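Student: File follows, final22.csv with CSV, C-alpha atoms:
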chain,number,residue,atom,x,y,z
A,1,MET,CA,-84.1,17.0,107.6
A,2,GLU,CA,-82.0,15.5,110.4
A,3,PHE,CA,-83.5,12.5,112.0
A,4,SER,CA,-82.7,11.3,115.5
A,5,SER,CA,-83.3,7.7,114.5
A,6,LYS,CA,-82.3,5.6,111.5
A,7,LEU,CA,-85.5,3.5,111.8
A,8,LEU,CA,-87.6,6.7,111.7
A,9,GLU,CA,-85.6,8.1,108.8
A,10,ASN,CA,-86.0,4.9,106.8
A,11,ALA,CA,-89.8,4.7,107.4
A,12,VAL,CA,-90.2,8.4,106.4
A,13,SER,CA,-88.0,7.8,103.3
A,14,GLU,CA,-90.1,4.8,102.1
A,15,MET,CA,-93.4,6.6,102.8
A,16,SER,CA,-92.3,9.7,100.9
A,17,GLN,CA,-91.7,7.6,97.7
A,18,LEU,CA,-95.5,7.6,97.3
A,19,PRO,CA,-96.9,10.2,94.9
A,20,GLY,CA,-98.0,13.4,96.6
A,21,ILE,CA,-96.4,12.5,99.9
A,22,GLY,CA,-93.5,14.8,100.8
A,23,LYS,CA,-91.0,14.3,103.6
A,24,ARG,CA,-93.0,16.4,106.0
A,25,THR,CA,-96.3,14.6,105.4
A,26,ALA,CA,-94.5,11.3,105.6
A,27,LEU,CA,-93.1,12.2,109.0
A,28,ARG,CA,-96.5,13.3,110.2
A,29,LEU,CA,-98.0,10.0,109.1
A,30,VAL,CA,-95.2,7.9,110.7
A,31,LEU,CA,-95.4,9.9,114.0
A,32,HIS,CA,-99.2,9.2,114.0
A,33,MET,CA,-98.4,5.5,113.7
A,34,LEU,CA,-96.2,5.7,116.7
A,35,LYS,CA,-99.1,7.1,118.8
A,36,GLN,CA,-101.3,4.2,117.7
A,37,PRO,CA,-100.9,0.6,118.8
A,38,ALA,CA,-98.3,-1.4,116.9
A,39,SER,CA,-101.0,-3.8,115.7
A,40,ARG,CA,-102.5,-1.0,113.5
A,41,THR,CA,-99.2,-0.6,111.7
A,42,GLN,CA,-99.0,-4.3,111.3
A,43,LEU,CA,-102.5,-4.4,109.8
A,44,LEU,CA,-101.7,-1.7,107.3
A,45,ALA,CA,-98.4,-3.4,106.3
A,46,ASP,CA,-100.1,-6.8,105.9
A,47,ALA,CA,-103.0,-5.3,103.9
A,48,LEU,CA,-100.6,-3.6,101.5
A,49,VAL,CA,-98.3,-6.6,100.9
A,50,LYS,CA,-101.3,-9.0,100.6
A,51,MET,CA,-103.0,-6.7,98.1
A,52,ARG,CA,-99.8,-6.2,96.1
A,53,THR,CA,-98.8,-9.9,95.9
A,54,GLU,CA,-102.2,-11.5,95.6
A,55,VAL,CA,-104.4,-9.1,93.6
A,56,LYS,CA,-105.5,-10.5,90.2
A,57,PHE,CA,-106.6,-8.8,87.0
A,58,CYS,CA,-109.8,-9.9,85.1
A,59,LYS,CA,-108.6,-12.0,82.1
A,60,SER,CA,-111.2,-10.3,79.9
A,61,CYS,CA,-111.3,-6.6,80.9
A,62,HIS,CA,-108.1,-6.3,82.9
A,63,ASN,CA,-109.9,-4.7,85.8
A,64,ILE,CA,-108.6,-5.5,89.3
A,65,SER,CA,-110.5,-8.5,90.6
A,66,ASP,CA,-110.2,-11.3,93.2
A,67,VAL,CA,-111.2,-13.9,90.6
A,68,ASP,CA,-110.2,-14.8,87.0
A,69,LEU,CA,-113.3,-13.2,85.5
A,70,CYS,CA,-114.5,-10.0,87.3
A,71,GLU,CA,-118.0,-9.5,88.6
A,72,ILE,CA,-118.9,-7.2,85.7
A,73,CYS,CA,-117.7,-9.4,82.9
A,74,SER,CA,-119.3,-12.5,84.4
A,75,ASN,CA,-122.7,-10.7,85.0
A,76,LYS,CA,-125.1,-12.3,82.5
A,77,SER,CA,-127.4,-9.2,82.5
A,78,ARG,CA,-124.8,-6.9,81.0
A,79,ALA,CA,-124.4,-6.3,77.3
A,80,THR,CA,-121.0,-7.8,76.5
A,81,ASP,CA,-121.1,-6.3,73.0
A,82,THR,CA,-120.8,-2.8,74.3
A,83,ILE,CA,-117.4,-2.0,75.6
A,84,CYS,CA,-116.4,1.1,77.5
A,85,VAL,CA,-112.6,1.8,77.1
A,86,VAL,CA,-111.1,3.4,80.2
A,87,GLU,CA,-107.7,4.2,81.5
A,88,ASP,CA,-107.8,2.6,85.0
A,89,VAL,CA,-109.8,1.0,87.8
A,90,ARG,CA,-110.8,4.4,89.2
A,91,ASP,CA,-112.7,5.2,85.9
A,92,VAL,CA,-114.6,1.9,86.2
A,93,MET,CA,-115.6,2.8,89.7
A,94,ALA,CA,-116.6,6.3,88.7
A,95,ILE,CA,-118.8,5.1,85.8
A,96,GLU,CA,-120.3,2.2,87.9
A,97,ASN,CA,-121.3,4.8,90.5
A,98,THR,CA,-123.5,6.6,87.9
A,99,SER,CA,-125.5,3.3,87.3
A,100,SER,CA,-126.0,4.6,83.7
A,101,PHE,CA,-123.9,2.0,81.8
A,102,LYS,CA,-125.0,-1.6,81.3
A,103,GLY,CA,-122.2,-2.8,79.0
A,104,ILE,CA,-118.7,-4.1,80.1
A,105,TYR,CA,-115.4,-2.3,80.4
A,106,HIS,CA,-111.9,-2.7,79.0
A,107,VAL,CA,-109.2,-1.3,81.2
A,108,LEU,CA,-106.1,-0.2,79.2
A,109,GLY,CA,-103.9,0.5,82.2
A,110,GLY,CA,-102.8,3.9,81.0
A,111,LYS,CA,-102.6,6.1,78.0
A,112,ILE,CA,-100.1,6.2,75.1
A,113,SER,CA,-97.6,8.8,76.2
A,114,PRO,CA,-94.2,8.8,74.4
A,115,MET,CA,-93.0,11.5,76.8
A,116,ASP,CA,-93.3,9.0,79.7
A,117,GLY,CA,-92.1,6.1,77.6
A,118,VAL,CA,-95.5,4.5,77.4
A,119,GLY,CA,-96.2,3.0,73.9
A,120,PRO,CA,-99.2,1.0,72.6
A,121,HIS,CA,-97.6,-2.3,73.6
A,122,ASP,CA,-97.3,-1.3,77.2
A,123,LEU,CA,-101.1,-1.1,77.4
A,124,LYS,CA,-103.9,-3.7,77.0
A,125,ILE,CA,-104.7,-2.6,73.5
A,126,ASP,CA,-104.0,-5.9,71.6
A,127,SER,CA,-106.6,-7.9,73.6
A,128,LEU,CA,-109.2,-5.2,72.9
A,129,ILE,CA,-108.5,-5.3,69.1
A,130,ASN,CA,-108.7,-9.1,69.3
A,131,LYS,CA,-112.2,-8.9,70.7
A,132,VAL,CA,-113.2,-6.6,67.9
A,133,LYS,CA,-111.6,-8.9,65.3
A,134,GLN,CA,-113.6,-11.8,66.6
A,135,GLY,CA,-116.8,-9.9,66.0
A,136,GLU,CA,-117.8,-9.8,69.6
A,137,VAL,CA,-118.2,-6.1,69.8
A,138,LYS,CA,-121.0,-3.9,68.5
A,139,GLU,CA,-119.9,-0.6,70.0
A,140,LEU,CA,-116.7,0.8,71.5
A,141,ILE,CA,-117.2,3.9,73.8
A,142,PHE,CA,-113.9,5.8,74.4
A,143,ALA,CA,-114.0,7.2,77.9
A,144,LEU,CA,-110.4,8.3,78.3
A,145,SER,CA,-109.6,11.7,79.8
A,146,SER,CA,-109.6,14.5,77.3
A,147,THR,CA,-105.9,15.2,77.1
A,148,MET,CA,-103.4,14.9,74.3
A,149,GLU,CA,-102.5,11.4,75.5
A,150,GLY,CA,-106.1,10.4,75.7
A,151,ASP,CA,-106.9,11.6,72.2
A,152,THR,CA,-103.8,9.9,70.9
A,153,THR,CA,-104.8,6.6,72.4
A,154,ASN,CA,-108.4,6.9,71.2
A,155,PHE,CA,-107.1,7.6,67.7
A,156,TYR,CA,-104.6,4.7,67.7
A,157,ILE,CA,-107.3,2.2,68.6
A,158,TYR,CA,-109.8,3.8,66.1
A,159,LYS,CA,-107.2,3.3,63.3
A,160,GLN,CA,-106.7,-0.4,64.2
A,161,ILE,CA,-110.4,-1.2,64.2
A,162,GLN,CA,-111.6,1.0,61.3
A,163,GLU,CA,-111.8,-1.9,58.9
A,164,TYR,CA,-114.2,-3.9,61.2
A,165,ASN,CA,-117.9,-3.2,61.5
A,166,VAL,CA,-117.9,-1.5,64.9
A,167,LEU,CA,-119.6,1.6,66.1
A,168,THR,CA,-117.3,4.0,68.0
A,169,SER,CA,-118.3,6.9,70.2
A,170,THR,CA,-116.7,9.1,72.9
A,171,ILE,CA,-118.4,10.3,76.0
A,172,ALA,CA,-119.9,13.8,75.7
A,173,ARG,CA,-117.8,16.8,76.6
A,174,GLY,CA,-119.7,19.9,77.7
A,175,ILE,CA,-120.7,22.1,80.5
A,176,SER,CA,-121.1,20.3,83.8
A,177,VAL,CA,-124.6,20.0,85.2
A,178,GLY,CA,-125.1,23.0,87.5
A,179,ASP,CA,-122.2,25.0,86.2
A,180,GLU,CA,-122.5,28.7,85.1
A,181,LEU,CA,-121.6,29.3,81.5
A,182,GLU,CA,-119.4,32.3,82.2
A,183,TYR,CA,-116.9,30.2,84.2
A,184,ALA,CA,-116.6,27.4,81.6
A,185,ASP,CA,-113.4,27.3,79.6
A,186,GLU,CA,-113.6,28.3,75.9
A,187,ILE,CA,-112.8,24.9,74.4
A,188,THR,CA,-115.5,23.1,76.5
A,189,LEU,CA,-118.1,25.8,75.8
A,190,GLY,CA,-117.2,25.7,72.1
A,191,ARG,CA,-117.6,22.0,71.9
A,192,SER,CA,-120.8,22.0,73.8
A,193,ILE,CA,-122.3,24.3,71.1
A,194,VAL,CA,-120.9,22.3,68.2
A,195,ASN,CA,-122.1,19.0,69.7
A,196,ARG,CA,-125.5,20.3,70.8
A,197,ILE,CA,-128.2,17.7,71.2
A,198,PRO,CA,-131.9,17.8,70.3
A,199,PHE,CA,-133.9,19.5,73.2
A,200,GLU,CA,-136.3,16.5,73.4
A,201,SER,CA,-133.5,14.1,74.2
A,202,SER,CA,-132.2,16.4,77.0
A,203,LEU,CA,-135.6,16.0,78.6
A,204,LYS,CA,-135.1,12.3,79.0
A,205,SER,CA,-132.0,12.3,81.2
B,1,MET,CA,-117.2,3.5,96.8
B,2,GLU,CA,-117.7,0.1,95.3
B,3,PHE,CA,-114.5,-2.0,94.9
B,4,SER,CA,-114.0,-4.8,92.4
B,5,SER,CA,-111.6,-6.6,94.8
B,6,LYS,CA,-111.7,-7.2,98.6
B,7,LEU,CA,-107.9,-7.1,98.7
B,8,LEU,CA,-108.0,-3.7,97.1
B,9,GLU,CA,-110.8,-2.5,99.4
B,10,ASN,CA,-109.0,-3.7,102.5
B,11,ALA,CA,-105.7,-2.0,101.5
B,12,VAL,CA,-107.5,1.3,100.8
B,13,SER,CA,-109.5,1.1,104.0
B,14,GLU,CA,-106.3,0.6,106.1
B,15,MET,CA,-104.5,3.4,104.2
B,16,SER,CA,-107.4,5.8,104.8
B,17,GLN,CA,-107.1,5.4,108.5
B,18,LEU,CA,-104.0,7.6,108.4
B,19,PRO,CA,-104.7,11.3,109.2
B,20,GLY,CA,-105.4,13.5,106.1
B,21,ILE,CA,-105.6,10.5,103.8
B,22,GLY,CA,-109.2,10.1,102.4
B,23,LYS,CA,-110.5,7.1,100.5
B,24,ARG,CA,-109.7,8.7,97.1
B,25,THR,CA,-106.1,9.5,98.1
B,26,ALA,CA,-105.7,6.1,99.6
B,27,LEU,CA,-106.9,4.5,96.3
B,28,ARG,CA,-104.5,6.6,94.3
B,29,LEU,CA,-101.6,5.6,96.5
B,30,VAL,CA,-102.6,1.9,96.4
B,31,LEU,CA,-103.0,1.9,92.6
B,32,HIS,CA,-99.6,3.5,92.4
B,33,MET,CA,-98.1,0.6,94.3
B,34,LEU,CA,-99.7,-1.8,91.9
B,35,LYS,CA,-97.8,-0.1,89.0
B,36,GLN,CA,-94.5,-0.4,91.0
B,37,PRO,CA,-92.6,-3.7,91.6
B,38,ALA,CA,-94.0,-5.7,94.5
B,39,SER,CA,-90.6,-5.3,96.2
B,40,ARG,CA,-91.3,-1.6,96.7
B,41,THR,CA,-94.4,-2.3,98.7
B,42,GLN,CA,-92.6,-5.0,100.7
B,43,LEU,CA,-89.8,-2.4,101.5
B,44,LEU,CA,-92.4,0.1,102.7
B,45,ALA,CA,-94.3,-2.4,104.8
B,46,ASP,CA,-91.1,-3.7,106.4
B,47,ALA,CA,-89.8,-0.2,107.1
B,48,LEU,CA,-93.1,0.8,108.8
B,49,VAL,CA,-93.3,-2.4,111.0
B,50,LYS,CA,-89.7,-2.3,111.9
B,51,MET,CA,-89.9,1.3,112.9
B,52,ARG,CA,-93.1,0.8,114.9
B,53,THR,CA,-91.8,-2.2,116.8
B,54,GLU,CA,-88.2,-1.4,117.3
B,55,VAL,CA,-88.0,2.4,117.8
B,56,LYS,CA,-86.8,3.6,121.2
B,57,PHE,CA,-87.3,6.7,123.1
B,58,CYS,CA,-84.4,8.5,124.9
B,59,LYS,CA,-84.7,7.7,128.6
B,60,SER,CA,-83.8,11.3,129.5
B,61,CYS,CA,-85.6,13.6,127.0
B,62,HIS,CA,-88.1,11.1,125.5
B,63,ASN,CA,-87.1,12.0,121.9
B,64,ILE,CA,-87.2,9.2,119.4
B,65,SER,CA,-83.8,7.5,119.3
B,66,ASP,CA,-82.1,4.2,118.3
B,67,VAL,CA,-80.2,4.1,121.6
B,68,ASP,CA,-81.1,4.5,125.2
B,69,LEU,CA,-79.7,8.0,125.5
B,70,CYS,CA,-80.2,10.1,122.4
B,71,GLU,CA,-77.4,11.8,120.5
B,72,ILE,CA,-78.3,15.3,121.8
B,73,CYS,CA,-78.5,14.2,125.5
B,74,SER,CA,-75.2,12.3,125.3
B,75,ASN,CA,-73.4,15.1,123.5
B,76,LYS,CA,-70.9,16.5,126.1
B,77,SER,CA,-70.7,19.9,124.4
B,78,ARG,CA,-74.3,20.7,125.1
B,79,ALA,CA,-75.5,22.6,128.1
B,80,THR,CA,-77.6,20.0,130.0
B,81,ASP,CA,-78.8,22.7,132.5
B,82,THR,CA,-80.8,24.5,129.8
B,83,ILE,CA,-83.9,22.5,128.8
B,84,CYS,CA,-86.2,23.4,125.9
B,85,VAL,CA,-89.7,21.9,126.5
B,86,VAL,CA,-91.3,20.8,123.2
B,87,GLU,CA,-94.4,18.9,122.1
B,88,ASP,CA,-93.0,16.3,119.8
B,89,VAL,CA,-90.1,15.1,117.7
B,90,ARG,CA,-90.8,17.5,114.8
B,91,ASP,CA,-90.2,20.5,117.1
B,92,VAL,CA,-86.8,19.1,118.1
B,93,MET,CA,-86.0,18.7,114.4
B,94,ALA,CA,-87.2,22.2,113.6
B,95,ILE,CA,-85.2,23.8,116.4
B,96,GLU,CA,-82.1,21.7,115.6
B,97,ASN,CA,-82.3,22.9,112.0
B,98,THR,CA,-81.8,26.5,113.2
B,99,SER,CA,-78.5,25.6,114.9
B,100,SER,CA,-79.3,28.3,117.5
B,101,PHE,CA,-79.8,26.2,120.6
B,102,LYS,CA,-77.0,24.5,122.5
B,103,GLY,CA,-79.0,23.1,125.4
B,104,ILE,CA,-81.0,19.9,125.5
B,105,TYR,CA,-84.7,19.1,125.0
B,106,HIS,CA,-87.6,17.5,126.8
B,107,VAL,CA,-90.2,16.0,124.6
B,108,LEU,CA,-93.7,16.0,126.3
B,109,GLY,CA,-95.4,13.9,123.7
B,110,GLY,CA,-98.3,16.2,123.4
B,111,LYS,CA,-100.1,19.1,125.1
B,112,ILE,CA,-102.6,19.0,128.0
B,113,SER,CA,-106.0,18.9,126.2
B,114,PRO,CA,-109.1,17.9,128.3
B,115,MET,CA,-111.2,18.1,125.1
B,116,ASP,CA,-109.1,15.2,123.7
B,117,GLY,CA,-108.9,13.4,127.0
B,118,VAL,CA,-105.1,14.2,127.4
B,119,GLY,CA,-104.3,15.0,131.0
B,120,PRO,CA,-100.9,15.9,132.6
B,121,HIS,CA,-100.2,12.3,133.5
B,122,ASP,CA,-100.5,11.2,129.8
B,123,LEU,CA,-97.5,13.4,129.1
B,124,LYS,CA,-93.8,13.2,130.2
B,125,ILE,CA,-94.3,16.0,132.7
B,126,ASP,CA,-93.3,14.1,135.9
B,127,SER,CA,-89.8,13.3,134.6
B,128,LEU,CA,-89.3,16.9,133.7
B,129,ILE,CA,-90.3,18.1,137.2
B,130,ASN,CA,-88.0,15.5,138.7
B,131,LYS,CA,-85.1,16.9,136.8
B,132,VAL,CA,-85.9,20.3,138.2
B,133,LYS,CA,-86.3,19.0,141.8
B,134,GLN,CA,-82.9,17.4,141.6
B,135,GLY,CA,-81.4,20.8,140.9
B,136,GLU,CA,-80.1,19.8,137.4
B,137,VAL,CA,-81.8,22.6,135.6
B,138,LYS,CA,-80.9,26.3,135.4
B,139,GLU,CA,-83.4,27.4,132.7
B,140,LEU,CA,-86.6,25.9,131.2
B,141,ILE,CA,-87.5,27.3,127.8
B,142,PHE,CA,-91.2,26.7,126.9
B,143,ALA,CA,-91.4,26.1,123.1
B,144,LEU,CA,-95.0,24.7,122.8
B,145,SER,CA,-97.2,26.1,120.1
B,146,SER,CA,-99.1,29.2,121.0
B,147,THR,CA,-102.6,27.7,121.5
B,148,MET,CA,-104.9,27.4,124.4
B,149,GLU,CA,-103.6,23.8,125.0
B,150,GLY,CA,-99.9,25.0,124.7
B,151,ASP,CA,-100.5,27.8,127.2
B,152,THR,CA,-102.3,25.5,129.6
B,153,THR,CA,-99.4,23.0,129.5
B,154,ASN,CA,-96.8,25.8,130.1
B,155,PHE,CA,-98.7,27.1,133.0
B,156,TYR,CA,-99.2,23.7,134.6
B,157,ILE,CA,-95.5,23.0,134.5
B,158,TYR,CA,-94.7,26.5,135.7
B,159,LYS,CA,-96.9,26.1,138.7
B,160,GLN,CA,-95.2,22.8,139.6
B,161,ILE,CA,-91.7,24.2,139.5
B,162,GLN,CA,-92.4,27.7,140.9
B,163,GLU,CA,-90.9,26.8,144.3
B,164,TYR,CA,-87.6,25.8,142.8
B,165,ASN,CA,-84.9,28.2,141.7
B,166,VAL,CA,-85.3,27.9,137.9
B,167,LEU,CA,-85.4,30.5,135.2
B,168,THR,CA,-88.3,30.1,132.9
B,169,SER,CA,-88.8,31.7,129.5
B,170,THR,CA,-90.9,31.2,126.4
B,171,ILE,CA,-89.8,31.6,122.8
B,172,ALA,CA,-90.4,35.1,121.4
B,173,ARG,CA,-93.7,35.7,119.6
B,174,GLY,CA,-93.6,38.4,116.9
B,175,ILE,CA,-93.6,39.3,113.3
B,176,SER,CA,-91.9,36.7,111.1
B,177,VAL,CA,-88.7,37.8,109.5
B,178,GLY,CA,-89.5,39.2,106.1
B,179,ASP,CA,-93.2,39.7,106.8
B,180,GLU,CA,-95.1,42.9,106.1
B,181,LEU,CA,-96.7,44.5,109.2
B,182,GLU,CA,-100.0,45.2,107.6
B,183,TYR,CA,-100.7,41.4,107.0
B,184,ALA,CA,-99.8,40.4,110.6
B,185,ASP,CA,-102.7,39.5,112.9
B,186,GLU,CA,-103.5,41.9,115.7
B,187,ILE,CA,-102.5,39.7,118.7
B,188,THR,CA,-99.0,38.9,117.2
B,189,LEU,CA,-98.4,42.6,116.3
B,190,GLY,CA,-99.6,43.7,119.7
B,191,ARG,CA,-97.3,41.3,121.5
B,192,SER,CA,-94.4,42.3,119.3
B,193,ILE,CA,-94.8,45.9,120.5
B,194,VAL,CA,-95.2,45.0,124.2
B,195,ASN,CA,-92.3,42.7,124.1
B,196,ARG,CA,-90.0,44.9,122.0
B,197,ILE,CA,-86.3,44.4,122.4
B,198,PRO,CA,-83.4,46.9,122.6
B,199,PHE,CA,-82.3,47.8,119.1
B,200,GLU,CA,-78.7,47.0,119.9
B,201,SER,CA,-79.5,43.4,120.6
B,202,SER,CA,-81.5,43.1,117.3
B,203,LEU,CA,-78.3,44.0,115.5
B,204,LYS,CA,-76.5,40.9,116.9
B,205,SER,CA,-78.9,38.2,115.4
Let me see whether you can do it: turn the structure in this file into structure tokens.
Tutor:
Amino acid sequence: MEFSSKLLENAVSEMSQLPGIGKRTALRLVLHMLKQPASRTQLLADALVKMRTEVKFCKSCHNISDVDLCEICSNKSRATDTICVVEDVRDVMAIENTSSFKGIYHVLGGKISPMDGVGPHDLKIDSLINKVKQGEVKELIFALSSTMEGDTTNFYIYKQIQEYNVLTSTIARGISVGDELEYADEITLGRSIVNRIPFESSLKS
Amino acid sequence: MEFSSKLLENAVSEMSQLPGIGKRTALRLVLHMLKQPASRTQLLADALVKMRTEVKFCKSCHNISDVDLCEICSNKSRATDTICVVEDVRDVMAIENTSSFKGIYHVLGGKISPMDGVGPHDLKIDSLINKVKQGEVKELIFALSSTMEGDTTNFYIYKQIQEYNVLTSTIARGISVGDELEYADEITLGRSIVNRIPFESSLKS
């Protein structure tokens, strides 16, 4: 791509560093900014820089927060002995949206993935295990995505806390509500049969 | 979407103002920035603001440029009496990539679109007509997209310059090179038959 302006080229090149944004999309976005007032671009730039430099992480669950202890961790009505282990902030938001979990979270910040050079010590695993060691935890719910890396991370944590008296569970895998059986993949369908639940308890939810 | 941080929410909200970027995509992009060094976000922000505030437009063809007269307009080897009328910068880049045009461009900055509140005076049409009036132009090539708005804009300009001695042409519409006839739409296929070209001239290109 040949640009008629270095400034334009530079803006497109920086924009296309973002994941999923190619050069063409970046150019479309940058040209859109040119049609908008300059103040809009300034607002965007300020919001990004301010967020990047000032954002904090909750000292307990490592979720993104504007204060030292996030709203969920500091909420007295939540069960602090039930911890849902998730990969990142988006998972917290997704589970919070369901309004079906009243415990607290622990945000690992990723999954163990040797292929990408991410080991256990690059994640917030130690602080989770410390919480367990201090006897603060009754149940750990693993809610990582169901991939090789997710399973590895679950198992790594499980091994570390095995000697302590903690319940562990993983979120249920099965056929999505409203889905047709014939379109479900074999592994999911197989697991949903093996891990079937009493009909009476399905009536409750 | 419930955010755990105002800074995060603000950054996502600004990002999702861009066309084609929804809240979810914006969140993914912003979380990606959080995993990268803060200097990367600063570079992006600076590049966007610098581009938005400092970019210039060529005083002759209105293409984006770092100088008053763009590289194409100031290139002595190009035919300044043959003007290709395009909608925006991307079209200039696309045609330049083909290396098949040796004239200069005129960037309108959009198409006449009453539905979107864009009239002839919101576009760089007057300066094009002035060039024609001054007898500087031998041929105008309309290279707007083949939509109702594109056709309206072509026709509006055509009407204004009819009394002057200027050749006008539009780029050829037809079956794309390498395409199968059976998958072409009827209008394109129909036009490609009506506007057929001598076989000998097809051998040259």
Student: Compile the contact shell of Thr153 (chain A) as a list in words: residues with an atom at most 8 Å away, counting only C-alpha atoms, same-chain residues fewer than 4 positions apart removed.
Tutor: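 Once the adjacent positions are removed, what remains is Lys111, Ile112, Pro120, Glu149 and Ile157 of chain A.
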Student: For the selection just defined, write its residues with C-alpha atoms to a file, as an mmCIF file, in the coordinates of the input.
Tutor:
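Wrote it out as part30.cif, contents follow:
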data_model
loop_
_atom_site.group_PDB
_atom_site.id
_atom_site.type_symbol
_atom_site.label_atom_id
_atom_site.label_comp_id
_atom_site.auth_asym_id
_atom_site.auth_seq_id
_atom_site.Cartn_x
_atom_site.Cartn_y
_atom_site.Cartn_z
ATOM 1 C CA LYS A 111 -102.600 6.100 78.000
ATOM 2 C CA ILE A 112 -100.100 6.200 75.100
ATOM 3 C CA PRO A 120 -99.200 1.000 72.600
ATOM 4 C CA GLU A 149 -102.500 11.400 75.500
ATOM 5 C CA ILE A 157 -107.300 2.200 68.600
#
Student: Would you mind listing, for every residue of chain A within 7 Å of chain B, the two atoms forming the shortest contact and the distance between them in Å to one decimal, using only C-alpha atoms, sorted by chain and ascending residue number, as a tab-separated table?
Tutor:
residue	atom	partner	partner_atom	distance
A:Glu2	CA	B:Met93	CA	6.5
A:Ser4	CA	B:Ser65	CA	5.5
A:Ser5	CA	B:Ser65	CA	4.8
A:Lys6	CA	B:Asp66	CA	6.9
A:Leu7	CA	B:Met51	CA	5.0
A:Leu8	CA	B:Met51	CA	6.0
A:Asn10	CA	B:Ala47	CA	6.4
A:Ala11	CA	B:Ala47	CA	4.9
A:Glu14	CA	B:Leu44	CA	5.3
A:Met15	CA	B:Leu44	CA	6.6
A:Leu18	CA	B:Leu29	CA	6.5
A:Pro19	CA	B:Leu29	CA	6.8
A:Leu29	CA	B:Leu18	CA	6.5
A:Leu34	CA	B:Arg52	CA	6.1
A:Ala38	CA	B:Arg52	CA	6.0
A:Thr41	CA	B:Val49	CA	6.2
A:Gln42	CA	B:Val49	CA	6.0
A:Leu44	CA	B:Glu14	CA	5.3
A:Ala45	CA	B:Ala45	CA	4.5
A:Ala47	CA	B:Ala11	CA	4.9
A:Leu48	CA	B:Ala11	CA	5.3
A:Val49	CA	B:Gln42	CA	5.9
A:Met51	CA	B:Leu7	CA	5.0
A:Arg52	CA	B:Ala38	CA	6.0
A:Thr53	CA	B:Ala38	CA	6.5
A:Val55	CA	B:Leu7	CA	6.5
A:Ile64	CA	B:Ser4	CA	6.3
A:Ser65	CA	B:Ser5	CA	4.7
A:Asp66	CA	B:Ser5	CA	5.2
A:Met93	CA	B:Glu2	CA	6.6
Student: So what do you get for CA of Asp81 (chain A) versus CA of Asn154 (chain A), distance-wise?
Tutor: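 Calculated distance between CA of Asp81 (chain A) and CA of Asn154 (chain A) is 18.4 Å.
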Student: Which one of B:Leu108, B:Ser176, B:Gly117, B:Asn165 sits closest to Gln134 (chain B) if you count only C-alpha atoms?
Tutor: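 Result for the nearest residue to Gln134 (chain B): B:Asn165.
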Student: Need the shell around Phe101 (chain A): protein/DNA/RNA residues with any atom at most 12 Å away, counting all atoms listed in the file. Skip same-chain ones fewer than 2 positions apart. Format as a list in words?
Tutor: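 Counting all atoms listed in the file, the residues come to Ile72, Ser77, Arg78, Ala79, Thr80, Thr82, Ile83, Cys84, Val92, Met93, Ala94, Ile95, Glu96, Asn97, Thr98, Ser99, Gly103, Ile104, Tyr105, Ile141, Ala143 and Ile171 of chain A.
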Student: Enter the distance from CA of Lys102 (chain B) to CA of Glu136 (chain B), in Å, rounded to one decimal.
Tutor: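 Distance between the two atoms: 15.9 Å.
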Student: What's the separation between CA of Lys204 (chain B) and CA of Glu87 (chain B), in Å to one decimal place?
Tutor: 28.8 Å
Student: List as number ranges by chain the protein and nucleic acid residues near Ser113 (chain A), meaning an atom at most 12 Å away when all atoms listed in the file are counted, but skip any in the same chain fewer than 4 places from it.
Tutor: A: 117-123, 147-153, 156
Student: Kindly export the residues of the current selection with C-alpha atoms, as a CSV table (one decimal), in the coordinates of the input.
Tutor:
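Output below, filename selection04.csv:
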chain,number,residue,atom,x,y,z
A,117,GLY,CA,-92.1,6.1,77.6
A,118,VAL,CA,-95.5,4.5,77.4
A,119,GLY,CA,-96.2,3.0,73.9
A,120,PRO,CA,-99.2,1.0,72.6
A,121,HIS,CA,-97.6,-2.3,73.6
A,122,ASP,CA,-97.3,-1.3,77.2
A,123,LEU,CA,-101.1,-1.1,77.4
A,147,THR,CA,-105.9,15.2,77.1
A,148,MET,CA,-103.4,14.9,74.3
A,149,GLU,CA,-102.5,11.4,75.5
A,150,GLY,CA,-106.1,10.4,75.7
A,151,ASP,CA,-106.9,11.6,72.2
A,152,THR,CA,-103.8,9.9,70.9
A,153,THR,CA,-104.8,6.6,72.4
A,156,TYR,CA,-104.6,4.7,67.7
Student: Show which residues sit within 10 Å of Glu163 (chain B), as a PyMOL selection string. Count only C-alpha atoms, and ignore same-chain residues fewer than 4 positions away.
Tutor: chain B and resi 133+158-159
Student: Rank nothing, just name the residue among B:Asp179, B:Glu139, B:Asp126, B:Glu186 nearest to Cys61 (chain B), using only C-alpha atoms.
Tutor: B:Asp126
